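Coordinates from protein28.cif are shown below (mmCIF, C-alpha atoms).
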```
data_structure
#
loop_
_atom_site.label_atom_id
_atom_site.label_comp_id
_atom_site.auth_asym_id
_atom_site.auth_seq_id
_atom_site.Cartn_x
_atom_site.Cartn_y
_atom_site.Cartn_z
CA MET P 1 13.22 82.14 58.69
CA ARG P 2 14.70 79.26 60.69
CA GLU P 3 17.23 81.70 62.10
CA PHE P 4 14.35 83.97 63.18
CA TRP P 5 12.80 81.17 65.26
CA HIS P 6 16.18 80.21 66.62
CA TYR P 7 16.74 83.70 68.03
CA PHE P 8 13.15 83.98 69.18
CA LYS P 9 13.28 80.72 71.15
CA ASN P 10 16.60 81.68 72.66
CA GLY P 11 14.92 84.34 74.78
CA LEU P 12 12.10 82.05 75.90
CA LEU P 13 14.18 79.30 77.51
CA GLY P 14 17.89 79.02 76.87
CA GLU P 15 18.64 82.65 77.68
CA ASN P 16 15.46 83.69 79.43
CA PRO P 17 16.19 87.21 80.71
CA VAL P 18 14.75 86.64 84.20
CA LEU P 19 15.50 82.98 84.93
CA LYS P 20 18.77 82.54 83.04
CA LEU P 21 20.42 85.93 82.54
CA MET P 22 18.82 87.23 85.76
CA ILE P 23 18.51 90.80 84.58
CA GLY P 24 15.65 93.24 84.97
CA LEU P 25 14.70 91.65 88.29
CA CYS P 26 13.80 94.92 89.99
CA SER P 27 10.63 95.43 87.98
CA VAL P 28 9.76 91.73 88.33
CA LEU P 29 9.83 92.01 92.12
CA ALA P 30 7.93 95.25 92.26
CA VAL P 31 5.17 94.83 89.72
CA SER P 32 4.26 91.13 89.96
CA VAL P 33 1.71 91.36 92.79
CA ARG P 34 -1.23 91.26 90.40
CA VAL P 35 -1.66 89.50 87.08
CA ASP P 36 -3.03 92.51 85.19
CA ASN P 37 -0.02 94.59 86.24
CA CYS P 38 2.26 91.82 84.99
CA LEU P 39 0.56 91.71 81.61
CA GLY P 40 0.68 95.50 81.30
CA MET P 41 4.33 95.63 82.27
CA GLY P 42 5.07 92.75 79.87
CA MET P 43 3.38 94.53 76.96
CA ALA P 44 5.26 97.75 77.75
CA VAL P 45 8.60 95.92 77.86
CA ILE P 46 7.87 94.01 74.63
CA PHE P 47 6.98 97.25 72.86
CA VAL P 48 9.99 99.23 74.07
CA LEU P 49 12.39 96.32 73.55
CA THR P 50 11.20 95.50 70.02
CA CYS P 51 11.05 99.08 68.80
CA SER P 52 14.40 100.08 70.23
CA SER P 53 16.10 96.89 69.01
CA LEU P 54 14.75 97.48 65.52
CA VAL P 55 15.85 101.12 65.44
CA ILE P 56 19.25 100.38 66.96
CA SER P 57 19.83 97.57 64.49
CA LEU P 58 18.87 99.81 61.55
CA MET P 59 21.28 102.50 62.77
CA ARG P 60 24.14 100.13 63.58
CA ASN P 61 26.37 101.20 60.67
CA PHE P 62 25.73 104.88 61.21
CA VAL P 63 26.34 105.09 64.98
CA PRO P 64 29.96 105.96 65.91
CA ASN P 65 31.33 103.53 68.46
CA GLU P 66 32.26 106.25 71.00
CA VAL P 67 28.73 107.56 71.45
CA ARG P 68 26.78 104.34 71.00
CA ILE P 69 25.67 104.14 74.63
CA PRO P 70 24.21 107.69 74.76
CA ILE P 71 22.47 107.04 71.45
CA PHE P 72 20.99 103.76 72.72
CA ILE P 73 19.75 105.52 75.82
CA VAL P 74 18.11 108.28 73.80
CA VAL P 75 16.35 105.71 71.61
CA ILE P 76 15.21 103.58 74.56
CA SER P 77 14.03 106.54 76.62
CA THR P 78 12.10 107.93 73.66
CA PHE P 79 10.10 104.73 73.31
CA THR P 80 9.65 104.47 77.09
CA THR P 81 8.29 108.00 77.28
CA ILE P 82 5.91 107.25 74.42
CA VAL P 83 4.59 104.20 76.32
CA ASP P 84 4.31 106.23 79.51
CA LEU P 85 2.32 109.04 77.85
CA VAL P 86 0.04 106.69 75.90
CA MET P 87 -0.70 104.65 79.03
CA LYS P 88 -1.44 107.78 81.07
CA ALA P 89 -3.86 108.91 78.39
CA TYR P 90 -5.65 105.67 77.58
CA LEU P 91 -5.08 103.28 80.50
CA PRO P 92 -4.91 105.54 83.58
CA PRO P 93 -5.66 102.84 86.21
CA LEU P 94 -2.91 100.57 84.90
CA SER P 95 -0.51 103.46 84.62
CA LYS P 96 -1.26 104.36 88.25
CA ALA P 97 -0.76 100.79 89.46
CA MET P 98 2.66 100.54 87.85
CA GLY P 99 3.68 104.03 88.85
CA ILE P 100 7.40 104.64 88.65
CA PHE P 101 8.16 101.30 86.97
CA ILE P 102 7.11 102.40 83.52
CA PRO P 103 9.59 105.32 83.37
CA LEU P 104 12.15 102.96 84.90
CA ILE P 105 12.00 100.71 81.82
CA VAL P 106 14.66 103.12 80.52
CA VAL P 107 17.17 101.63 82.93
CA ASN P 108 15.85 98.08 82.66
CA CYS P 109 19.02 96.20 81.87
CA ILE P 110 17.26 93.69 79.60
CA ILE P 111 16.79 96.39 76.98
CA MET P 112 20.23 97.96 77.32
CA ALA P 113 21.89 94.54 77.34
CA ARG P 114 20.08 93.35 74.22
CA ALA P 115 20.85 96.63 72.43
CA GLU P 116 24.54 96.37 73.25
CA ALA P 117 25.03 92.62 72.89
CA PHE P 118 22.68 91.82 70.05
CA ALA P 119 20.77 94.54 68.19
CA SER P 120 23.83 96.69 67.48
CA ARG P 121 25.60 93.75 65.80
CA LYS P 122 22.85 91.91 63.91
CA PRO P 123 20.53 92.72 60.98
CA PRO P 124 17.05 94.10 61.82
CA LEU P 125 15.09 90.88 61.32
CA TYR P 126 17.20 88.96 63.84
CA ALA P 127 17.21 91.90 66.23
CA VAL P 128 13.41 91.90 66.22
CA ALA P 129 13.33 88.11 66.71
CA ASP P 130 15.66 88.38 69.68
CA ALA P 131 13.72 91.30 71.17
CA LEU P 132 10.38 89.51 70.81
CA GLY P 133 11.82 86.35 72.34
CA MET P 134 13.32 88.22 75.28
CA GLY P 135 10.16 90.30 75.76
CA VAL P 136 7.84 87.30 75.66
CA GLY P 137 10.20 85.35 77.92
CA TYR P 138 10.12 88.21 80.42
CA THR P 139 6.33 88.48 80.23
CA LEU P 140 5.82 84.73 80.70
CA VAL P 141 7.98 84.60 83.81
CA ILE P 142 6.59 87.76 85.42
CA THR P 143 3.03 86.55 84.75
CA ALA P 144 3.78 83.10 86.18
CA ILE P 145 5.03 84.84 89.33
CA GLY P 146 2.06 87.19 89.35
CA VAL P 147 -0.51 84.38 89.14
CA VAL P 148 0.90 82.66 92.25
CA ARG P 149 1.38 85.91 94.19
CA GLU P 150 -2.11 87.19 93.48
CA LEU P 151 -3.68 83.79 94.19
CA PHE P 152 -2.02 83.28 97.57
CA GLY P 153 -1.55 86.91 98.53
CA TYR P 154 -5.03 88.21 97.80
CA GLY P 155 -6.93 84.98 97.05
CA GLU P 156 -7.87 86.41 93.68
CA PHE P 157 -7.19 85.91 89.99
CA LEU P 158 -7.35 89.01 87.78
CA SER P 159 -9.09 90.68 90.76
CA HIS P 160 -11.85 88.03 90.89
CA PRO P 161 -12.05 86.21 94.23
CA VAL P 162 -11.12 82.54 93.92
CA PHE P 163 -11.20 81.35 97.52
CA PRO P 164 -14.08 81.61 99.99
CA GLU P 165 -14.50 84.81 101.94
CA SER P 166 -12.70 83.47 105.03
CA PHE P 167 -9.38 83.21 103.11
CA GLN P 168 -6.53 85.02 104.83
CA GLY P 169 -3.92 86.27 102.34
CA MET P 170 -0.28 85.33 102.79
CA MET P 171 1.53 88.53 103.61
CA ALA P 172 4.86 87.15 102.35
CA MET P 173 3.42 86.78 98.85
CA ILE P 174 2.37 90.42 98.66
CA LEU P 175 5.74 91.69 99.88
CA PRO P 176 8.93 91.37 97.77
CA PRO P 177 10.17 88.19 99.56
CA GLY P 178 7.36 86.26 97.86
CA ALA P 179 8.73 87.21 94.46
CA PHE P 180 12.28 86.29 95.49
CA LEU P 181 11.15 82.86 96.67
CA LEU P 182 9.15 82.22 93.52
CA ILE P 183 11.98 83.33 91.22
CA GLY P 184 14.27 80.91 93.04
CA ILE P 185 11.80 78.05 92.71
CA TYR P 186 11.26 78.77 89.01
CA ILE P 187 15.00 78.91 88.34
CA ALA P 188 15.39 75.54 90.05
CA ILE P 189 12.55 74.01 88.04
CA LEU P 190 13.88 75.38 84.75
CA ASN P 191 17.44 74.20 85.37
CA TRP P 192 16.26 70.80 86.51
CA SER P 193 14.05 70.25 83.48
CA LEU P 194 16.69 71.54 81.05
CA ARG P 195 19.21 69.15 82.54
CA ARG P 196 16.76 66.26 82.31
CA ALA P 197 15.98 67.11 78.70
CA LYS P 198 19.68 67.04 77.87
CA ARG P 199 20.14 63.57 79.32
CA MET W 1 38.42 116.82 63.51
CA THR W 2 36.10 115.14 61.03
CA LYS W 3 35.69 112.31 63.52
CA ILE W 4 34.49 114.69 66.23
CA LEU W 5 32.09 116.30 63.80
CA ARG W 6 30.74 112.93 62.69
CA THR W 7 30.19 111.87 66.30
CA ALA W 8 28.47 115.13 67.15
CA LEU W 9 26.36 114.91 64.01
CA ALA W 10 25.19 111.39 64.85
CA LEU W 11 24.16 112.39 68.36
CA THR W 12 22.46 115.56 67.13
CA VAL W 13 20.44 113.73 64.49
CA VAL W 14 19.31 111.01 66.92
CA CYS W 15 18.33 113.54 69.59
CA GLY W 16 16.54 115.70 67.03
CA VAL W 17 14.47 112.81 65.73
CA ALA W 18 13.70 111.67 69.29
CA ALA W 19 12.59 115.18 70.26
CA LEU W 20 10.34 115.39 67.21
CA ALA W 21 8.73 112.01 67.93
CA LEU W 22 8.19 112.92 71.58
CA SER W 23 6.67 116.32 70.81
CA PHE W 24 4.27 114.62 68.45
CA VAL W 25 3.15 112.03 71.02
CA TYR W 26 2.96 114.71 73.71
CA VAL W 27 0.68 116.91 71.63
CA VAL W 28 -1.56 113.97 70.73
CA THR W 29 -1.95 112.71 74.32
CA ARG W 30 -1.87 116.02 76.23
CA GLU W 31 -5.60 116.73 76.07
CA ARG W 32 -6.52 113.21 77.09
CA ILE W 33 -4.11 113.08 80.02
CA ALA W 34 -5.40 116.41 81.32
CA SER W 35 -9.03 115.34 80.99
CA GLU W 36 -8.34 111.99 82.71
CA ALA W 37 -6.68 113.80 85.60
CA ARG W 38 -9.61 116.22 85.87
CA LYS W 39 -12.11 113.35 85.77
CA GLU W 40 -10.25 111.52 88.51
CA LEU W 41 -10.17 114.62 90.71
CA ASP W 42 -13.86 115.32 90.13
CA GLU W 43 -14.77 111.75 91.08
CA ALA W 44 -12.68 111.94 94.23
CA LEU W 45 -14.17 115.33 95.19
CA ALA W 46 -17.70 114.01 94.68
CA LEU W 47 -16.89 111.05 96.92
CA VAL W 48 -15.62 113.12 99.85
CA PHE W 49 -18.38 115.70 99.53
CA PRO W 50 -21.41 113.92 98.06
CA GLU W 51 -23.70 116.93 98.43
CA GLY W 52 -21.51 119.29 96.43
CA GLU W 53 -22.77 120.07 92.95
CA ASN W 54 -19.59 121.63 91.74
CA PHE W 55 -16.18 122.41 93.08
CA THR W 56 -14.01 125.45 92.52
CA PRO W 57 -10.37 125.63 93.50
CA ILE W 58 -9.65 128.33 96.07
CA ASP W 59 -6.48 129.83 97.45
CA LEU W 60 -5.33 128.10 100.64
CA ALA W 61 -4.35 131.45 102.13
CA THR W 62 -8.01 132.50 102.30
CA LEU W 63 -8.57 129.81 104.94
CA GLY W 64 -6.30 131.60 107.39
CA PRO W 65 -2.74 131.00 108.49
CA ILE W 66 -1.66 127.59 107.17
CA PRO W 67 0.24 125.62 109.78
CA GLU W 68 3.64 124.60 108.41
CA SER W 69 5.23 121.36 109.51
CA LYS W 70 7.45 118.66 108.10
CA GLU W 71 4.88 115.95 108.67
CA LEU W 72 1.92 117.69 107.15
CA GLN W 73 1.60 119.86 104.07
CA PHE W 74 -1.54 121.55 102.85
CA LEU W 75 -1.65 121.18 99.07
CA GLU W 76 -4.92 122.44 97.63
CA ALA W 77 -8.38 123.53 98.65
CA TYR W 78 -11.73 123.46 96.89
CA GLU W 79 -15.03 125.08 97.67
CA ALA W 80 -18.00 122.75 97.46
CA ILE W 81 -20.97 124.66 96.08
CA LYS W 82 -24.59 123.62 96.21
CA GLY W 83 -27.37 125.73 94.81
CA GLY W 84 -24.96 128.64 94.31
CA LYS W 85 -23.99 128.66 97.98
CA ARG W 86 -20.86 127.48 99.69
CA GLN W 87 -21.66 124.32 101.57
CA GLY W 88 -18.22 123.12 102.52
CA ILE W 89 -14.55 122.90 101.80
CA VAL W 90 -12.42 120.04 100.52
CA VAL W 91 -8.74 120.14 101.40
CA LYS W 92 -5.93 118.10 99.89
CA VAL W 93 -3.13 117.39 102.34
CA ALA W 94 -0.01 115.23 102.43
CA SER W 95 0.74 113.61 105.78
CA THR W 96 3.91 111.62 106.34
CA GLY W 97 3.16 107.98 107.02
CA TYR W 98 5.42 104.96 107.31
CA GLY W 99 6.58 104.70 103.71
CA GLY W 100 6.26 108.29 102.58
CA PRO W 101 3.59 110.96 102.20
CA ILE W 102 -0.05 109.85 102.33
CA VAL W 103 -2.02 112.23 100.12
CA LEU W 104 -5.55 112.68 101.39
CA LEU W 105 -8.65 114.50 100.30
CA ILE W 106 -10.74 115.59 103.27
CA GLY W 107 -14.21 117.05 102.89
CA VAL W 108 -15.67 119.33 105.57
CA ASP W 109 -19.22 120.62 105.85
CA THR W 110 -18.72 124.18 107.07
CA GLU W 111 -22.43 124.62 107.86
CA LYS W 112 -22.69 121.66 110.18
CA GLY W 113 -19.03 121.58 111.14
CA THR W 114 -18.52 117.91 110.37
CA ILE W 115 -16.26 115.73 108.26
CA THR W 116 -18.19 114.59 105.19
CA GLY W 117 -15.66 112.25 103.65
CA ILE W 118 -12.06 111.25 103.45
CA ARG W 119 -10.16 109.50 100.71
CA VAL W 120 -6.56 108.40 100.22
CA LEU W 121 -5.29 109.48 96.80
CA GLU W 122 -1.71 108.26 97.00
CA HIS W 123 0.33 106.33 99.51
CA GLN W 124 3.39 104.10 99.77
CA GLU W 125 2.46 102.22 102.93
CA THR W 126 3.28 98.53 103.38
CA PRO W 127 0.87 96.44 101.28
CA GLY W 128 -1.44 94.42 103.51
CA LEU W 129 -0.70 96.42 106.66
CA GLY W 130 -0.42 100.17 106.31
CA SER W 131 -2.27 100.09 103.01
CA ASN W 132 -5.42 99.26 104.99
CA VAL W 133 -5.69 102.89 106.08
CA ALA W 134 -6.89 103.57 102.53
CA ALA W 135 -9.78 101.12 102.98
CA GLU W 136 -13.36 101.77 104.08
CA PRO W 137 -13.40 100.23 107.58
CA PHE W 138 -10.71 102.59 108.81
CA LEU W 139 -11.73 105.73 106.92
CA SER W 140 -15.44 105.45 107.70
CA GLN W 141 -14.61 106.11 111.37
CA PHE W 142 -14.09 109.75 110.44
CA LEU W 143 -17.42 110.21 108.68
CA GLY W 144 -19.74 112.71 110.31
CA LYS W 145 -17.29 113.52 113.10
CA PRO W 146 -17.59 117.08 114.43
CA LEU W 147 -14.60 119.32 113.85
CA THR W 148 -14.13 119.66 117.60
CA SER W 149 -13.27 115.96 118.07
CA PRO W 150 -9.75 115.15 119.24
CA PHE W 151 -8.88 112.98 116.19
CA THR W 152 -6.45 110.97 118.26
CA ILE W 153 -5.63 107.30 117.84
CA GLY W 154 -6.80 105.38 120.90
CA GLU W 155 -9.29 108.06 121.92
CA ASP W 156 -11.89 108.52 119.23
CA VAL W 157 -10.19 106.69 116.36
CA GLN W 158 -9.22 103.01 116.24
CA ALA W 159 -5.87 102.34 114.55
CA VAL W 160 -5.48 99.68 111.88
CA SER W 161 -3.75 96.82 113.71
CA GLY W 162 -0.07 96.65 112.90
CA ALA W 163 -0.14 100.08 111.28
CA THR W 164 -0.08 102.66 114.04
CA ILE W 165 2.17 105.10 112.21
CA SER W 166 0.03 105.09 109.06
CA SER W 167 -3.17 105.42 111.10
CA ARG W 168 -1.71 108.25 113.11
CA ALA W 169 -0.74 110.08 109.91
CA VAL W 170 -4.34 110.00 108.67
CA ALA W 171 -5.76 111.06 112.04
CA ARG W 172 -3.23 113.89 112.32
CA ALA W 173 -4.17 115.17 108.88
CA CYS W 174 -7.85 115.16 109.83
CA GLY W 175 -7.15 116.91 113.11
CA LYS W 176 -5.14 119.68 111.51
CA VAL W 177 -7.71 120.23 108.76
CA ALA W 178 -10.46 120.38 111.37
CA GLU W 179 -8.45 122.85 113.44
CA LEU W 180 -7.93 125.08 110.40
CA LEU W 181 -11.55 124.98 109.31
CA ARG W 182 -13.14 125.38 112.73
CA GLY W 183 -12.93 129.12 112.21
CA GLU W 184 -14.59 128.83 108.79
CA ARG W 185 -17.80 127.58 110.32
CA GLU W 186 -20.58 130.05 109.78
#
```

Once you've parsed the file, please lay out its structure as structure tokens.
Amino acid sequence: MREFWHYFKNGLLGENPVLKLMIGLCSVLAVSVRVDNCLGMGMAVIFVLTCSSLVISLMRNFVPNEVRIPIFIVVISTFTTIVDLVMKAYLPPLSKAMGIFIPLIVVNCIIMARAEAFASRKPPLYAVADALGMGVGYTLVITAIGVVRELFGYGEFLSHPVFPESFQGMMAMILPPGAFLLIGIYIAILNWSLRRAKR
Amino acid sequence: MTKILRTALALTVVCGVAALALSFVYVVTRERIASEARKELDEALALVFPEGENFTPIDLATLGPIPESKELQFLEAYEAIKGGKRQGIVVKVASTGYGGPIVLLIGVDTEKGTITGIRVLEHQETPGLGSNVAAEPFLSQFLGKPLTSPFTIGEDVQAVSGATISSRAVARACGKVAELLRGERE
């Protein structure tokens, strides 16, 4: 059980996929304009990542080394398509807001990287711990970016106005540069505080 | 040889299971996705033609020769019916804007010869600039306009500031639809 927490925490801070490994940034830049989109995207990534890590870990002794990548892709794309269809059916507005980025989870390198580097070598329990940690780590960062972008870009939080009517949104926050700047600031803060903690 | 077979077998089994799982999810969600899409279309149609009681899809060719151009494609057409009589026509067009096609639904009252409503269904314009062409202040300029208006930015339509190309795309779509339907007026 201690091992489980160890792998889970790894994804939150030490190897946070966005701030430390810096993978899967494309969806972070594109989707993080509004907090509800971030949460939706986060849930979708957690689901796909956890399910595919579990399945890949269970199959790890059966999968021949030569075709492991195609098999991983089939597994990941199956779960992604399931998420896409279920969202279209039950959460159409969210599915519309995220558009192409749900199908693109297939090529999100977080999932492929964790399948290749972790899930295919470790027992299922640890694979799930790692996937949950990475997924939650991704969701936390993308939501932290989304809160700031929505607040300063639209003057709203979860689509509720926060500032008085006269507020003029910051265009840079709505456009991708805002996400780049915020990711940079967050990376700096994380590295700084990790270094301080070590001292 | 056995190695090749084993590899092929592994891939086949994985793909087979994946296909099964996907078919299952597809069958379960198919109805719902179709009904959500229909609901969305019905809501949009009711917004651009508030007087219409129901809408039936019609063949675009019945509206006359469809002008073909790279910047503007006619996609679908619907008849708006009220009290069993045709009151107007709603046309779905895609007009090329700044970031890609802007898909619009334009409602036309064929009795009065005016635009009854216009709605942006999809667009990829710059958020905060071009995306404003999908908002009320810009679109409401077209409401009630007669089909004979010029639909030209700077003449009878005010562009969204900083988004001339997007504004022009919407105005062009309206102009072409009006031109096509002018003949439909009874």

Given the file above and the PyMOL selection byres ((chain W) within 7 of (chain P)), which residues are selected, and can you give them as a PyMOL selection string? chain W and resi 7+10-11+14-15+18+22+25+29+32-33+36+127-128

Output C-alpha atoms for every residue in that selection, as an mmCIF file, in the frame of the given file.
```cif
data_model
loop_
_atom_site.group_PDB
_atom_site.id
_atom_site.type_symbol
_atom_site.label_atom_id
_atom_site.label_comp_id
_atom_site.auth_asym_id
_atom_site.auth_seq_id
_atom_site.Cartn_x
_atom_site.Cartn_y
_atom_site.Cartn_z
ATOM 1 C CA THR W 7 30.190 111.870 66.300
ATOM 2 C CA ALA W 10 25.190 111.390 64.850
ATOM 3 C CA LEU W 11 24.160 112.390 68.360
ATOM 4 C CA VAL W 14 19.310 111.010 66.920
ATOM 5 C CA CYS W 15 18.330 113.540 69.590
ATOM 6 C CA ALA W 18 13.700 111.670 69.290
ATOM 7 C CA LEU W 22 8.190 112.920 71.580
ATOM 8 C CA VAL W 25 3.150 112.030 71.020
ATOM 9 C CA THR W 29 -1.950 112.710 74.320
ATOM 10 C CA ARG W 32 -6.520 113.210 77.090
ATOM 11 C CA ILE W 33 -4.110 113.080 80.020
ATOM 12 C CA GLU W 36 -8.340 111.990 82.710
ATOM 13 C CA PRO W 127 0.870 96.440 101.280
ATOM 14 C CA GLY W 128 -1.440 94.420 103.510
#
```

Evaluate the PyMOL selection byres ((chain P and resi 115) around 12) here and jot the selected residues down as a ChimeraX atom specification. /P:48-60,68-73,75-76,108-114,116-122,124,127-128,130-131,134

Could you list, as an MDAnalysis selection string, every residue matched by the PyMOL selection byres ((chain W and resi 42) around 12) in this structure? chainID W and resid 35:41 43:50 52:57 78 80 90 105

At a cut-off of 10 Å, using all atoms listed in the file, what residues contact range 13-27 of chain P? Leave out same-chain residues fewer than 6 positions from it and give the result as a PyMOL selection string. chain P and resi 7+38+41+98+100-102+104-105+107-111+113-114+133-142+176+179-180+183-191+194

Residues near Phe163 in chain P, anyone? I mean within 10 Å using all atoms listed in the file, not counting same-chain ones fewer than 5 positions away, as a count of residues only. 7

Give me, as a ChimeraX atom specification, all polymer residues having an atom no more than 10 Å from range 140-155 of chain W, counting all atoms listed in the file and skipping those fewer than 6 positions away in the same chain. /W:48,106-110,112-119,164-165,167-182,185

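Considering the residues W:Val120, W:Ile81, W:Ala94, W:Ala163 and counting all atoms listed in the file, Ser69 in chain W has its shortest atom-to-atom contact with W:Ala94.
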
Name all residues at most 10 Å from Ile58 in chain W (count all atoms listed in the file; drop same-chain ones fewer than 6 positions away) and give them as a PDB file with C-alpha atoms, in the frame of the given file.
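Now in selection-v8.pdb:
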```pdb
ATOM      1  CA  GLU W  76      -4.920 122.440  97.630  1.00  0.00           C
ATOM      2  CA  ALA W  77      -8.380 123.530  98.650  1.00  0.00           C
ATOM      3  CA  TYR W  78     -11.730 123.460  96.890  1.00  0.00           C
ATOM      4  CA  GLU W  79     -15.030 125.080  97.670  1.00  0.00           C
ATOM      5  CA  ILE W  89     -14.550 122.900 101.800  1.00  0.00           C
ATOM      6  CA  VAL W  90     -12.420 120.040 100.520  1.00  0.00           C
ATOM      7  CA  VAL W  91      -8.740 120.140 101.400  1.00  0.00           C
TER       8      VAL W  91
END
```

What are the centre and edge lengths in Å, to one decimal, of the axis-aligned box around all listed atoms of range 165-183 of chain P with 3 Å added on each side, as AutoDock Vina command-line options?
```
--center_x -1.1 --center_y 87.0 --center_z 98.1 --size_x 32.8 --size_y 15.5 --size_z 19.8
```

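The residue that comes closest to Val133 in chain W, out of W:Leu104, W:Lys85, W:Asp156, W:Gly183 and on the basis of only C-alpha atoms, is W:Leu104.
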
In Å, how far is it from CA of Pro137 in chain W to CA of Val160 in chain W? 9.0 Å

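For the pair CA of Asn10 in chain P and CA of Arg199 in chain P, the interatomic distance is 19.6 Å.
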
Please list as a VMD selection string every residue within 6 Å of Gly99 in chain W, counting only C-alpha atoms and excluding residues in the same chain fewer than 2 positions away. chain W and resid 97 124 to 125
